[in-house]
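S.K.: My file is target_39.tsv. It has TSV, C-alpha atoms and all ligand atoms:
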```tsv
chain	number	residue	atom	x	y	z
A	18	VAL	CA	-3.00	-47.39	188.89
A	19	LYS	CA	-3.13	-49.36	192.13
A	20	GLU	CA	-6.59	-50.15	193.49
A	21	LYS	CA	-6.14	-48.10	196.69
A	22	LEU	CA	-3.81	-45.13	196.73
A	23	THR	CA	-3.00	-43.19	199.86
A	24	LYS	CA	-3.88	-39.49	199.82
A	25	ALA	CA	-0.19	-38.65	199.42
A	26	GLU	CA	0.13	-41.07	196.51
A	27	GLU	CA	-2.98	-39.59	194.92
A	28	ARG	CA	-1.56	-36.09	195.18
A	29	ALA	CA	1.76	-37.18	193.74
A	30	PHE	CA	0.06	-39.02	190.89
A	31	ALA	CA	-2.19	-36.04	190.16
A	32	LYS	CA	0.84	-33.74	190.06
A	33	GLU	CA	2.61	-36.08	187.69
A	34	LEU	CA	-0.45	-36.31	185.42
A	35	VAL	CA	-0.87	-32.54	185.35
A	36	GLN	CA	2.76	-32.17	184.34
A	37	LYS	CA	2.43	-34.79	181.60
A	38	ILE	CA	-0.78	-33.18	180.33
A	39	GLY	CA	1.00	-29.82	180.19
A	40	GLU	CA	4.08	-31.14	178.41
A	41	LEU	CA	2.05	-33.06	175.87
A	42	ALA	CA	-0.43	-30.25	175.23
A	43	ALA	CA	2.42	-27.78	174.77
A	44	THR	CA	3.65	-29.78	171.78
A	45	THR	CA	0.56	-28.66	169.85
A	46	GLY	CA	1.64	-25.01	170.17
A	47	ARG	CA	-1.85	-23.88	171.07
A	48	LYS	CA	-4.35	-23.98	173.90
A	49	LEU	CA	-6.53	-27.11	173.92
A	50	ARG	CA	-10.14	-26.74	174.94
A	51	PHE	CA	-12.09	-29.65	176.39
A	52	MET	CA	-15.76	-29.63	177.29
A	53	GLU	CA	-17.61	-31.66	179.88
A	54	VAL	CA	-21.27	-32.33	179.09
A	55	CYS	CA	-22.35	-33.53	182.50
A	56	GLY	CA	-23.36	-31.42	185.50
A	57	THR	CA	-21.82	-33.90	187.94
A	58	HIS	CA	-18.47	-33.56	186.15
A	59	THR	CA	-18.81	-29.76	186.33
A	60	VAL	CA	-19.20	-29.93	190.09
A	61	ALA	CA	-16.46	-32.60	190.47
A	62	ILE	CA	-13.99	-30.49	188.48
A	63	PHE	CA	-14.67	-27.43	190.63
A	64	ARG	CA	-14.67	-29.34	193.91
A	65	ALA	CA	-11.24	-30.79	193.12
A	66	GLY	CA	-9.93	-27.41	191.93
A	67	LEU	CA	-8.80	-28.97	188.64
A	68	ARG	CA	-9.21	-25.78	186.63
A	69	GLN	CA	-6.67	-24.04	188.83
A	70	ILE	CA	-4.01	-26.74	188.68
A	71	LEU	CA	-4.17	-27.42	184.96
A	72	PRO	CA	-1.46	-25.87	182.79
A	73	ASP	CA	-2.21	-22.81	180.66
A	74	SER	CA	-2.16	-25.00	177.56
A	75	VAL	CA	-5.39	-26.75	178.61
A	76	GLU	CA	-8.74	-25.09	179.18
A	77	LEU	CA	-11.87	-26.74	180.55
A	78	VAL	CA	-15.29	-25.45	179.56
A	79	SER	CA	-18.70	-26.61	180.67
A	80	GLY	CA	-21.40	-27.56	178.18
A	81	PRO	CA	-25.12	-28.35	178.36
A	82	GLY	CA	-24.85	-31.04	181.04
A	83	CYS	CA	-27.29	-29.84	183.65
A	84	PRO	CA	-30.82	-31.07	182.85
A	85	VAL	CA	-32.59	-28.30	184.73
A	86	CYS	CA	-30.45	-25.65	183.04
A	87	VAL	CA	-31.08	-26.83	179.48
A	88	THR	CA	-34.85	-26.96	179.94
A	89	PRO	CA	-36.18	-23.98	177.98
A	90	ASP	CA	-38.67	-21.30	179.00
A	91	ASP	CA	-41.55	-22.72	176.98
A	92	TYR	CA	-41.44	-26.01	178.92
A	93	MET	CA	-41.48	-24.12	182.22
A	94	ASP	CA	-44.37	-21.95	180.96
A	95	LYS	CA	-46.31	-25.11	180.12
A	96	ALA	CA	-45.57	-26.68	183.51
A	97	ILE	CA	-46.75	-23.49	185.24
A	98	ALA	CA	-49.93	-23.39	183.12
A	99	TYR	CA	-50.77	-26.97	184.10
A	100	ALA	CA	-49.94	-26.22	187.75
A	101	GLN	CA	-52.44	-23.36	187.76
A	102	ARG	CA	-55.36	-25.68	187.00
A	103	ASP	CA	-57.53	-26.74	189.93
A	104	ASP	CA	-57.68	-30.34	188.69
A	105	VAL	CA	-53.89	-30.81	188.55
A	106	ILE	CA	-51.16	-31.81	191.00
A	107	ILE	CA	-47.59	-31.32	189.77
A	108	ALA	CA	-44.97	-33.80	190.99
A	109	THR	CA	-41.41	-32.65	190.44
A	110	PHE	CA	-37.83	-32.67	191.65
A	111	GLY	CA	-37.23	-29.71	193.95
A	112	ASP	CA	-34.80	-27.73	191.84
A	113	MET	CA	-37.41	-27.20	189.12
A	114	LEU	CA	-39.38	-24.89	191.40
A	115	LYS	CA	-36.99	-21.97	191.09
A	116	VAL	CA	-36.34	-22.28	187.35
A	117	PRO	CA	-37.78	-19.21	185.69
A	118	GLY	CA	-40.23	-19.50	182.82
A	119	SER	CA	-40.80	-16.51	180.57
A	120	LYS	CA	-43.20	-14.88	183.05
A	121	SER	CA	-42.96	-16.60	186.41
A	122	SER	CA	-41.84	-19.82	188.10
A	123	LEU	CA	-43.39	-22.88	189.71
A	124	ASN	CA	-42.45	-21.37	193.05
A	125	GLU	CA	-44.67	-18.37	192.32
A	126	ALA	CA	-47.45	-20.67	191.19
A	127	LYS	CA	-47.10	-22.64	194.45
A	128	THR	CA	-47.25	-19.44	196.49
A	129	ASN	CA	-50.44	-18.58	194.63
A	130	GLY	CA	-52.04	-21.87	195.60
A	131	ALA	CA	-50.94	-24.39	192.96
A	132	ASP	CA	-50.62	-27.95	194.27
A	133	ILE	CA	-46.97	-28.79	193.61
A	134	ARG	CA	-45.35	-31.74	195.38
A	135	ILE	CA	-41.62	-32.40	195.61
A	136	VAL	CA	-40.70	-36.00	194.84
A	137	TYR	CA	-37.40	-37.85	194.91
A	138	SER	CA	-38.27	-40.37	192.20
A	139	PRO	CA	-40.89	-40.42	189.43
A	140	MET	CA	-42.22	-43.54	191.13
A	141	ASP	CA	-43.35	-41.36	194.08
A	142	SER	CA	-45.93	-39.79	191.79
A	143	ILE	CA	-47.77	-43.13	191.57
A	144	GLN	CA	-48.75	-42.93	195.24
A	145	ILE	CA	-49.82	-39.29	194.80
A	146	ALA	CA	-52.04	-40.40	191.90
A	147	LYS	CA	-53.55	-43.19	194.01
A	148	ASP	CA	-54.22	-40.81	196.90
A	149	ASN	CA	-55.86	-38.22	194.64
A	150	PRO	CA	-58.07	-40.07	192.17
A	151	ASP	CA	-60.04	-36.92	191.29
A	152	LYS	CA	-56.88	-35.04	190.21
A	153	LYS	CA	-54.53	-35.31	187.25
A	154	VAL	CA	-51.04	-35.90	188.61
A	155	ILE	CA	-48.35	-34.66	186.22
A	156	PHE	CA	-44.72	-35.62	186.73
A	157	LEU	CA	-42.21	-33.19	185.20
A	158	ALA	CA	-39.97	-35.68	183.38
A	159	VAL	CA	-36.79	-33.65	182.96
A	160	GLY	CA	-33.43	-35.33	182.53
A	161	PHE	CA	-30.99	-37.16	180.30
A	162	GLU	CA	-30.61	-40.82	179.34
A	163	THR	CA	-29.88	-41.53	183.02
A	164	THR	CA	-33.35	-40.72	184.30
A	165	ALA	CA	-35.42	-41.74	181.28
A	166	PRO	CA	-35.56	-45.45	182.30
A	167	THR	CA	-37.11	-44.57	185.69
A	168	ALA	CA	-39.68	-42.30	184.07
A	169	ALA	CA	-40.47	-45.05	181.56
A	170	ALA	CA	-40.68	-47.64	184.35
A	171	THR	CA	-43.13	-45.36	186.18
A	172	VAL	CA	-45.37	-45.27	183.11
A	173	LEU	CA	-45.21	-49.06	182.83
A	174	ALA	CA	-45.96	-49.46	186.56
A	175	ALA	CA	-48.92	-47.08	186.28
A	176	GLU	CA	-50.23	-49.07	183.33
A	177	GLN	CA	-49.84	-52.35	185.19
A	178	GLN	CA	-51.60	-50.97	188.27
A	179	GLY	CA	-54.45	-49.55	186.20
A	180	ILE	CA	-53.73	-45.95	187.23
A	181	THR	CA	-55.50	-43.58	184.89
A	182	ASN	CA	-54.71	-40.17	186.41
A	183	LEU	CA	-50.90	-40.09	186.14
A	184	TYR	CA	-49.22	-38.24	183.26
A	185	MET	CA	-45.78	-37.07	182.17
A	186	LEU	CA	-44.80	-33.67	180.85
A	187	SER	CA	-41.72	-34.84	179.01
A	188	ALA	CA	-38.48	-32.94	178.46
A	189	GLN	CA	-36.12	-35.90	178.34
A	190	LYS	CA	-32.91	-35.10	176.49
A	191	LEU	CA	-30.21	-37.10	174.71
A	192	VAL	CA	-26.49	-36.29	174.86
A	193	PRO	CA	-25.05	-37.40	171.47
A	194	PRO	CA	-27.39	-35.20	169.35
A	195	VAL	CA	-26.56	-32.11	171.42
A	196	MET	CA	-22.84	-32.84	171.02
A	197	GLU	CA	-23.46	-32.82	167.28
A	198	ALA	CA	-25.34	-29.51	167.57
A	199	LEU	CA	-22.39	-28.01	169.46
A	200	LEU	CA	-19.96	-29.23	166.82
A	201	ASN	CA	-22.13	-27.65	164.12
A	202	ASP	CA	-22.19	-24.35	166.01
A	203	GLU	CA	-19.63	-21.93	164.55
A	204	GLU	CA	-19.29	-20.11	167.87
A	205	VAL	CA	-18.37	-23.26	169.79
A	206	HIS	CA	-14.75	-24.45	169.72
A	207	VAL	CA	-13.81	-27.71	171.43
A	208	ASP	CA	-10.88	-30.06	170.92
A	209	GLY	CA	-12.55	-32.95	172.70
A	210	PHE	CA	-15.27	-34.05	175.08
A	211	ILE	CA	-15.10	-35.40	178.61
A	212	LEU	CA	-18.02	-37.76	178.08
A	213	PRO	CA	-20.56	-38.18	180.88
A	214	GLY	CA	-20.14	-40.97	183.41
A	215	HIS	CA	-23.71	-41.60	184.59
A	216	VAL	CA	-25.29	-41.26	181.15
A	217	SER	CA	-22.72	-43.68	179.73
A	218	VAL	CA	-23.54	-46.30	182.36
A	219	VAL	CA	-26.97	-46.48	180.69
A	220	THR	CA	-26.08	-45.84	177.04
A	221	GLY	CA	-22.64	-47.42	176.85
A	222	THR	CA	-19.80	-45.87	174.89
A	223	SER	CA	-20.90	-46.94	171.43
A	224	VAL	CA	-23.58	-44.23	171.16
A	225	TYR	CA	-20.88	-41.55	170.86
A	226	GLU	CA	-18.97	-43.21	168.04
A	227	PRO	CA	-21.04	-41.78	165.13
A	228	VAL	CA	-20.62	-38.15	166.25
A	229	ILE	CA	-16.97	-38.57	167.33
A	230	GLY	CA	-16.17	-40.19	163.99
A	231	LYS	CA	-18.14	-37.73	161.86
A	232	TYR	CA	-16.57	-34.61	163.38
A	233	HIS	CA	-13.18	-36.14	164.18
A	234	VAL	CA	-13.23	-34.87	167.76
A	235	PRO	CA	-11.90	-37.08	170.58
A	236	GLY	CA	-14.04	-38.23	173.50
A	237	VAL	CA	-13.21	-39.99	176.76
A	238	VAL	CA	-15.73	-41.29	179.29
A	239	THR	CA	-14.48	-40.70	182.82
A	240	GLY	CA	-15.65	-41.16	186.38
A	241	PHE	CA	-15.87	-38.34	188.89
A	242	GLU	CA	-12.74	-38.72	191.00
A	243	PRO	CA	-10.02	-36.14	190.30
A	244	LEU	CA	-7.56	-38.79	189.13
A	245	GLN	CA	-10.14	-40.32	186.78
A	246	ILE	CA	-10.81	-36.91	185.25
A	247	LEU	CA	-7.09	-36.17	184.90
A	248	ARG	CA	-6.46	-39.53	183.28
A	249	GLY	CA	-9.34	-38.80	180.90
A	250	LEU	CA	-7.79	-35.44	180.06
A	251	TYR	CA	-4.42	-37.02	179.44
A	252	ARG	CA	-6.01	-39.42	176.98
A	253	LEU	CA	-7.81	-36.57	175.26
A	254	VAL	CA	-4.54	-34.67	174.83
A	255	GLN	CA	-2.87	-37.84	173.56
A	256	GLN	CA	-5.58	-38.24	170.94
A	257	VAL	CA	-5.24	-34.64	169.79
A	258	VAL	CA	-1.46	-34.93	169.56
A	259	ASN	CA	-1.74	-38.22	167.62
A	260	GLY	CA	-4.42	-36.82	165.29
A	261	GLU	CA	-6.89	-39.42	166.53
A	262	ALA	CA	-10.60	-39.15	167.27
A	263	LYS	CA	-12.06	-42.11	169.07
A	264	VAL	CA	-14.22	-42.90	172.06
A	265	GLU	CA	-12.14	-44.08	174.98
A	266	ASN	CA	-13.35	-45.35	178.33
A	267	GLU	CA	-11.66	-44.34	181.59
A	268	TYR	CA	-14.60	-45.59	183.66
A	269	THR	CA	-14.52	-49.25	182.78
A	270	ASP	CA	-15.65	-50.42	186.23
A	271	VAL	CA	-19.19	-49.32	185.49
A	272	VAL	CA	-19.37	-48.23	181.83
A	273	LYS	CA	-19.52	-50.87	179.14
A	274	THR	CA	-19.53	-50.52	175.37
A	275	GLU	CA	-23.12	-51.69	175.12
A	276	GLY	CA	-24.38	-49.87	178.26
A	277	ASN	CA	-27.20	-51.28	180.31
A	278	PRO	CA	-29.49	-53.15	177.87
A	279	VAL	CA	-32.25	-53.59	180.46
A	280	SER	CA	-32.52	-49.85	181.16
A	281	MET	CA	-32.32	-49.01	177.46
A	282	ALA	CA	-35.05	-51.53	176.67
A	283	ILE	CA	-37.38	-49.95	179.24
A	284	THR	CA	-36.75	-46.49	177.80
A	285	ASN	CA	-37.23	-47.70	174.25
A	286	ARG	CA	-40.45	-49.46	175.10
A	287	VAL	CA	-42.10	-46.21	176.19
A	288	TYR	CA	-40.19	-43.47	174.38
A	289	GLU	CA	-38.96	-42.65	170.90
A	290	PRO	CA	-36.59	-39.88	169.75
A	291	CYS	CA	-38.04	-36.51	168.80
A	292	ASP	CA	-36.84	-33.00	168.01
A	293	THR	CA	-36.74	-30.88	171.14
A	294	GLY	CA	-35.77	-27.42	172.36
A	295	TRP	CA	-32.69	-26.64	174.49
A	296	ARG	CA	-32.07	-23.41	176.32
A	297	GLY	CA	-29.72	-21.29	174.25
A	298	MET	CA	-29.64	-23.74	171.36
A	299	GLY	CA	-33.18	-23.84	169.99
A	300	ILE	CA	-34.59	-27.01	168.49
A	301	VAL	CA	-32.02	-29.79	168.15
A	302	PRO	CA	-33.06	-32.63	165.82
A	303	LEU	CA	-33.83	-35.96	167.49
A	304	SER	CA	-32.32	-34.81	170.80
A	305	GLY	CA	-35.35	-35.57	172.95
A	306	LEU	CA	-37.72	-38.37	173.86
A	307	LYS	CA	-41.48	-38.45	173.40
A	308	MET	CA	-43.90	-41.15	174.37
A	309	LYS	CA	-44.79	-43.69	171.73
A	310	ALA	CA	-48.36	-43.75	170.40
A	311	GLU	CA	-49.33	-46.73	172.59
A	312	TYR	CA	-48.48	-44.69	175.72
A	313	ALA	CA	-50.05	-41.44	174.52
A	314	ARG	CA	-52.64	-41.65	177.30
A	315	PHE	CA	-49.83	-40.91	179.77
A	316	ASP	CA	-48.65	-37.85	177.82
A	317	ILE	CA	-50.37	-34.79	179.27
A	318	GLU	CA	-49.65	-32.74	176.16
A	319	GLN	CA	-51.70	-35.19	174.12
A	320	VAL	CA	-54.42	-35.76	176.70
A	321	LEU	CA	-54.88	-32.14	177.69
A	322	PRO	CA	-53.11	-29.83	175.22
A	323	LEU	CA	-52.77	-26.23	176.38
A	324	GLU	CA	-52.03	-23.15	174.27
A	325	VAL	CA	-49.30	-21.37	176.22
A	326	GLU	CA	-47.66	-18.18	175.04
A	327	THR	CA	-43.96	-17.84	175.77
A	328	VAL	CA	-42.82	-14.24	175.90
A	329	VAL	CA	-39.30	-13.63	174.62
A	330	LYS	CA	-37.65	-11.89	177.55
A	331	LYS	CA	-35.11	-9.13	177.31
A	332	THR	CA	-32.62	-10.05	180.02
A	333	ALA	CA	-28.92	-9.76	180.69
A	334	CYS	CA	-28.80	-13.44	181.76
A	335	ARG	CA	-26.32	-15.26	179.52
A	336	CYS	CA	-27.28	-18.85	180.39
A	337	GLY	CA	-27.79	-19.68	176.73
A	338	GLU	CA	-24.15	-18.84	175.96
A	339	VAL	CA	-22.84	-20.30	179.23
A	340	LEU	CA	-24.45	-23.64	178.30
A	341	ARG	CA	-22.61	-23.65	174.96
A	342	GLY	CA	-19.28	-22.84	176.59
A	343	ILE	CA	-19.06	-19.55	174.68
A	344	VAL	CA	-18.85	-17.35	177.76
A	345	THR	CA	-18.00	-18.04	181.37
A	346	PRO	CA	-20.39	-17.01	184.15
A	347	LYS	CA	-18.14	-14.12	185.13
A	348	GLU	CA	-18.79	-12.59	181.70
A	349	CYS	CA	-22.42	-12.26	182.71
A	350	PRO	CA	-22.97	-8.80	184.21
A	351	LEU	CA	-25.38	-10.24	186.78
A	352	PHE	CA	-23.06	-12.98	188.11
A	353	ALA	CA	-22.48	-12.73	191.88
A	354	LYS	CA	-24.31	-9.38	191.88
A	355	ALA	CA	-28.01	-9.53	191.07
A	356	CYS	CA	-27.72	-13.30	190.47
A	357	VAL	CA	-26.66	-15.47	193.40
A	358	PRO	CA	-27.90	-18.92	194.49
A	359	THR	CA	-30.35	-17.45	197.00
A	360	HIS	CA	-31.73	-15.14	194.30
A	361	ALA	CA	-31.07	-16.90	191.03
A	362	ILE	CA	-31.97	-15.05	187.85
A	363	GLY	CA	-31.19	-17.87	185.43
A	364	PRO	CA	-31.35	-21.67	185.65
A	365	CYS	CA	-27.55	-22.06	185.59
A	366	MET	CA	-27.55	-20.50	189.08
A	367	VAL	CA	-30.65	-22.40	190.26
A	368	SER	CA	-29.42	-25.96	189.99
A	369	VAL	CA	-26.57	-27.26	192.14
A	370	GLU	CA	-25.22	-28.76	188.92
A	371	GLY	CA	-25.47	-25.44	187.09
A	372	VAL	CA	-22.27	-23.87	185.80
A	373	CYS	CA	-22.95	-20.48	187.39
A	374	ALA	CA	-23.78	-22.10	190.74
A	375	ALA	CA	-20.51	-24.07	190.61
A	376	TRP	CA	-18.50	-20.95	189.75
A	377	TYR	CA	-20.19	-19.12	192.60
A	378	LYS	CA	-19.85	-21.88	195.19
A	379	TYR	CA	-16.19	-22.52	194.46
A	380	GLY	CA	-15.33	-18.84	194.38
A	381	GLN	CA	-14.31	-18.46	190.74
A	382	GLY	CA	-14.75	-15.04	189.16
A	383	ARG	CA	-15.79	-13.41	192.42
B	1	LIG	FE1	-27.87	-16.31	184.07
B	1	LIG	FE2	-27.20	-15.78	186.62
B	1	LIG	FE3	-25.61	-17.28	185.14
B	1	LIG	FE4	-25.84	-14.69	184.61
B	1	LIG	S1	-24.96	-15.58	186.45
B	1	LIG	S2	-25.84	-16.36	183.13
B	1	LIG	S3	-27.99	-14.33	185.15
B	1	LIG	S4	-27.69	-17.77	185.77
```
Using structure tokens, write down the structure that the file contains.
M.R.:
Amino acid sequence: VKEKLTKAEERAFAKELVQKIGELAATTGRKLRFMEVCGTHTVAIFRAGLRQILPDSVELVSGPGCPVCVTPDDYMDKAIAYAQRDDVIIATFGDMLKVPGSKSSLNEAKTNGADIRIVYSPMDSIQIAKDNPDKKVIFLAVGFETTAPTAAATVLAAEQQGITNLYMLSAQKLVPPVMEALLNDEEVHVDGFILPGHVSVVTGTSVYEPVIGKYHVPGVVTGFEPLQILRGLYRLVQQVVNGEAKVENEYTDVVKTEGNPVSMAITNRVYEPCDTGWRGMGIVPLSGLKMKAEYARFDIEQVLPLEVETVVKKTACRCGEVLRGIVTPKECPLFAKACVPTHAIGPCMVSVEGVCAAWYKYGQGR
């Protein structure tokens, strides 16, 4: 592909790729199902209208790629319980406020007087801690491999600056173990993965090789432009047709095999893998990050453990199945009725990267 295509050339190339994808996929005699595991890809696919232009022989489904969406009720219940303490300030990204726990949300806690501050980087919580030495400042560390280095760097900066009132409530998640969980799930059927772009910048492509090899399911890392995604899809179909299962890279400008060793080293200095819970999937072995023993003083769950009861809710929200690609948002009876972005019932409608929010915004199923 030339470096700079005109819009007309892009459209022509996209059309050609879609045709090739269709012709190649048709040779399998069945519908091929590919899953993206990255919220930014979900939005990019909808924004470009790729689902509509793809041939019937190829189906795209969204997986657990939105960090806010995969964070389970019990984490939110814990965050709310900490927020309700007079000696605590919660620092968090804004979209966490509307995510429901089993009984309420951080938004409700804020309305009832909890001190909850919106930050744009974990590093912002350092200044809040300095300004409020008599309070415990807790950053809600939610995210994938992409954000873990910044959370870890914040811990290291706090240590270096002698800050003793900053803590993390960790819900960091890892992509390869959840791919394995999906492939072990009898209800989930995928022929290949569109592997995440941003996560792969940090991790590199090699982290996917064990799971891709073990389950013999193809994977291609792509960027977020429509042509990059289409080229990734073409390579996925090629692999299926050729009976191959390997990790390919369609985002070579920024994604390397070994990733970003500096970022990984920062993460690995502070964190180690642990079992963790995912919305709709339960506990997935070694799919999360917890702070190592030498940084336990920054882990609020170790410094100030709270007993928090999570009530199992009876609700029609199908986020758990949406996140596994088993149902689409329009199969949820609440979609675009009781559940809309301005009144979200489940986290998949709360986050801009949520599957239900993308379906709603781009008019699918309405
Ligand atoms: Fe949950 Fe709303 Fe999505 Fe239904 S539409 S699954 S209630 S977030």
S.K.: Which protein, DNA or RNA residues have an atom within 12 Å of ligand LIG 1 (chain B), counting only C-alpha atoms and all ligand atoms, as an NGL selection string?
M.R.: :A and (85-87 or 115-117 or 296-297 or 331-378 or 381-383)
S.K.: Excluding Val234 in chain A and residues on its chain fewer than 3 positions from it, collect all residues at most 6 Å away from it, counting all atoms listed in the file, and give them as number ranges by chain.
M.R.: A: 209, 229, 262
S.K.: When distances are computed from only C-alpha atoms, which of A:Gln101, A:Thr284, A:Thr164, A:Ser187 shows the smallest separation from Thr88 in chain A?
M.R.: A:Ser187
S.K.: Give me, please, the distance in Å between CA of Ile135 in chain A and CA of Met185 in chain A, quoted to one decimal.
M.R.: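 Atom-to-atom, CA of Ile135 in chain A to CA of Met185 in chain A, that is 14.8 Å.
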S.K.: Taking into account all atoms listed in the file, which residue in the set A:Val219, A:Ile317, A:Asn285, A:Met298 is nearest to Ile107 in chain A?
M.R.: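 When distances to Ile107 in chain A are compared using all atoms listed in the file, the smallest one comes from A:Ile317.
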S.K.: When distances are computed from all atoms listed in the file, which of A:Phe156, A:Phe210, A:Phe63, A:Trp295 shows the smallest separation from Val264 in chain A?
M.R.: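 Of A:Phe156, A:Phe210, A:Phe63, A:Trp295, the one nearest Val264 in chain A, counting all atoms listed in the file, is A:Phe210.
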S.K.: So what do you get for CA of Ala175 in chain A versus CA of Ser138 in chain A, distance-wise?
M.R.: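 These atoms are spaced 13.9 Å apart.
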S.K.: Please, what distance in Å, to one decimal, runs between CA of Asn149 in chain A and CA of Met113 in chain A?
M.R.: 22.2 Å
S.K.: Excluding Tyr92 in chain A and any residue of its chain fewer than 4 positions from it, enumerate the residues within 10 Å of it, using only C-alpha atoms, and give them as a count of residues only.
M.R.: 15
S.K.: With a distance cut-off of 9 Å and all atoms listed in the file, select the neighbouring residues of Val228 in chain A, excluding the residue or stretch itself and same-chain residues fewer than 2 positions from it, and output the selection as a ChimeraX atom specification.
M.R.: /A:193-194,196-197,200,224-226,230-234
S.K.: Pick the closest to Val271 in chain A from A:Ile62, A:Val238, A:Val287, A:Leu77: which is it, counting only C-alpha atoms?
M.R.: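 For Val271 in chain A, the nearest of the given residues is A:Val238.
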S.K.: Mind filling out range 179-193 of chain A with N, CA and C atoms and sending it as a compact mmCIF listing (two decimals), in the coordinates of the input?
M.R.:
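What follows is the written file selection_5.txt:
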```
# COMPACT_ATOMS: atom_id res chain seq x y z
N GLY A 179 -53.16 -50.10 186.63
CA GLY A 179 -54.45 -49.55 186.20
C GLY A 179 -54.68 -48.11 186.64
N ILE A 180 -53.60 -47.36 186.80
CA ILE A 180 -53.73 -45.95 187.23
C ILE A 180 -54.03 -45.09 186.00
N THR A 181 -55.07 -44.33 186.08
CA THR A 181 -55.50 -43.58 184.89
C THR A 181 -55.36 -42.07 185.06
N ASN A 182 -54.82 -41.62 186.19
CA ASN A 182 -54.71 -40.17 186.41
C ASN A 182 -53.27 -39.71 186.59
N LEU A 183 -52.31 -40.49 186.07
CA LEU A 183 -50.90 -40.09 186.14
C LEU A 183 -50.39 -39.80 184.73
N TYR A 184 -49.70 -38.68 184.58
CA TYR A 184 -49.22 -38.24 183.26
C TYR A 184 -47.78 -37.74 183.38
N MET A 185 -47.13 -37.65 182.25
CA MET A 185 -45.78 -37.07 182.17
C MET A 185 -45.84 -35.80 181.32
N LEU A 186 -45.09 -34.79 181.74
CA LEU A 186 -44.80 -33.67 180.85
C LEU A 186 -43.32 -33.83 180.51
N SER A 187 -43.06 -34.34 179.32
CA SER A 187 -41.72 -34.84 179.01
C SER A 187 -40.79 -33.77 178.47
N ALA A 188 -39.57 -33.75 179.03
CA ALA A 188 -38.48 -32.94 178.46
C ALA A 188 -37.20 -33.76 178.59
N GLN A 189 -37.29 -35.03 178.26
CA GLN A 189 -36.12 -35.90 178.34
C GLN A 189 -35.18 -35.54 177.20
N LYS A 190 -33.89 -35.53 177.49
CA LYS A 190 -32.91 -35.10 176.49
C LYS A 190 -31.84 -36.17 176.28
N LEU A 191 -31.24 -36.12 175.09
CA LEU A 191 -30.21 -37.10 174.71
C LEU A 191 -28.88 -36.38 174.46
N VAL A 192 -27.79 -36.98 174.93
CA VAL A 192 -26.49 -36.29 174.86
C VAL A 192 -25.86 -36.30 173.45
N PRO A 193 -25.77 -37.45 172.75
CA PRO A 193 -25.05 -37.40 171.47
C PRO A 193 -25.60 -36.36 170.47
```
